[in-house]
Amino acid sequence: MNAKIDYERYLTPEALATDQSLPAQQKLERLEDWAEDLNAGLRASGESMTSIDPGLTSALLQRVMACMDQLREAQGRDPER
């Protein structure tokens, strides 16, 4: 299954994090994939390989990371992992 398709159907990371139809582990996996893709876009932007707005991408990445931290905390895990 393509992970990008899994998270692209959500308008926001918060919508994914609060989707009651998914278990927490699947939410985390999809958010992790989203974060990886955003980081890849930022790296490419830094090398002038894409036209994404680094400021907007960074802000979205922060929101994705915050959702991941909240889910991990709810599961009793260390948010730094």
# chains A, B, ... in the order shown; residues from 1 in each chain; ligands from 1
>>> residues_around(residues="Thr18 (chain A)", least_positions_apart="5", cutoff="12 Å", atoms="only C-alpha atoms", output="VMD selection string")
chain A and resid 10 12 to 13 23 to 24 26 to 28 31 67 to 68 70 to 71
>>> write_last_selection(atoms="C-alpha atoms", output="PDB file, in the first residue's frame")
ATOM      1  CA  TYR A  10      -6.483  13.984   5.138  1.00  0.00           C
ATOM      2  CA  THR A  12      -4.571  18.185   8.096  1.00  0.00           C
ATOM      3  CA  PRO A  13      -2.370  16.053  10.341  1.00  0.00           C
ATOM      4  CA  PRO A  23      -5.797   2.406  15.562  1.00  0.00           C
ATOM      5  CA  ALA A  24      -3.116   4.607  17.092  1.00  0.00           C
ATOM      6  CA  GLN A  26      -1.557   3.104  12.039  1.00  0.00           C
ATOM      7  CA  LYS A  27      -1.991   6.808  12.716  1.00  0.00           C
ATOM      8  CA  LEU A  28       1.612   7.011  13.889  1.00  0.00           C
ATOM      9  CA  LEU A  31       2.190  10.528  10.315  1.00  0.00           C
ATOM     10  CA  CYS A  67       0.375  15.015  16.454  1.00  0.00           C
ATOM     11  CA  MET A  68       2.902  12.191  16.639  1.00  0.00           C
ATOM     12  CA  GLN A  70       0.420  13.473  21.323  1.00  0.00           C
ATOM     13  CA  LEU A  71      -0.321   9.974  20.050  1.00  0.00           C
TER      14      LEU A  71
END
>>> closest_residue(among="A:Asn39, A:Ser45, A:Ser58, A:Gln25", to="Ala74 (chain A)", atoms="only C-alpha atoms")
A:Gln25
>>> closest_residue(among="A:Ala40, A:Val64, A:Ala59, A:Ala35", to="Glu14 (chain A)", atoms="only C-alpha atoms")
A:Val64
>>> select_by_dssp(residues="chain A", states="alpha helix (DSSP H)", output="count of residues only")
55
>>> residues_around(residues="Leu42 (chain A)", least_positions_apart="4", cutoff="7 Å", atoms="only C-alpha atoms", output="list in words")
Leu38, Gly46 and Pro54 of chain A
>>> atom_distance(atom1="CA of Thr57 (chain A)", atom2="CA of Gly76 (chain A)")
28.4 Å
>>> atom_distance(atom1="CA of Gln62 (chain A)", atom2="CA of Leu16 (chain A)")
14.6 Å
>>> closest_residue(among="A:Arg9, A:Trp34, A:Gln75, A:Gln20", to="Leu60 (chain A)", atoms="only C-alpha atoms")
A:Trp34
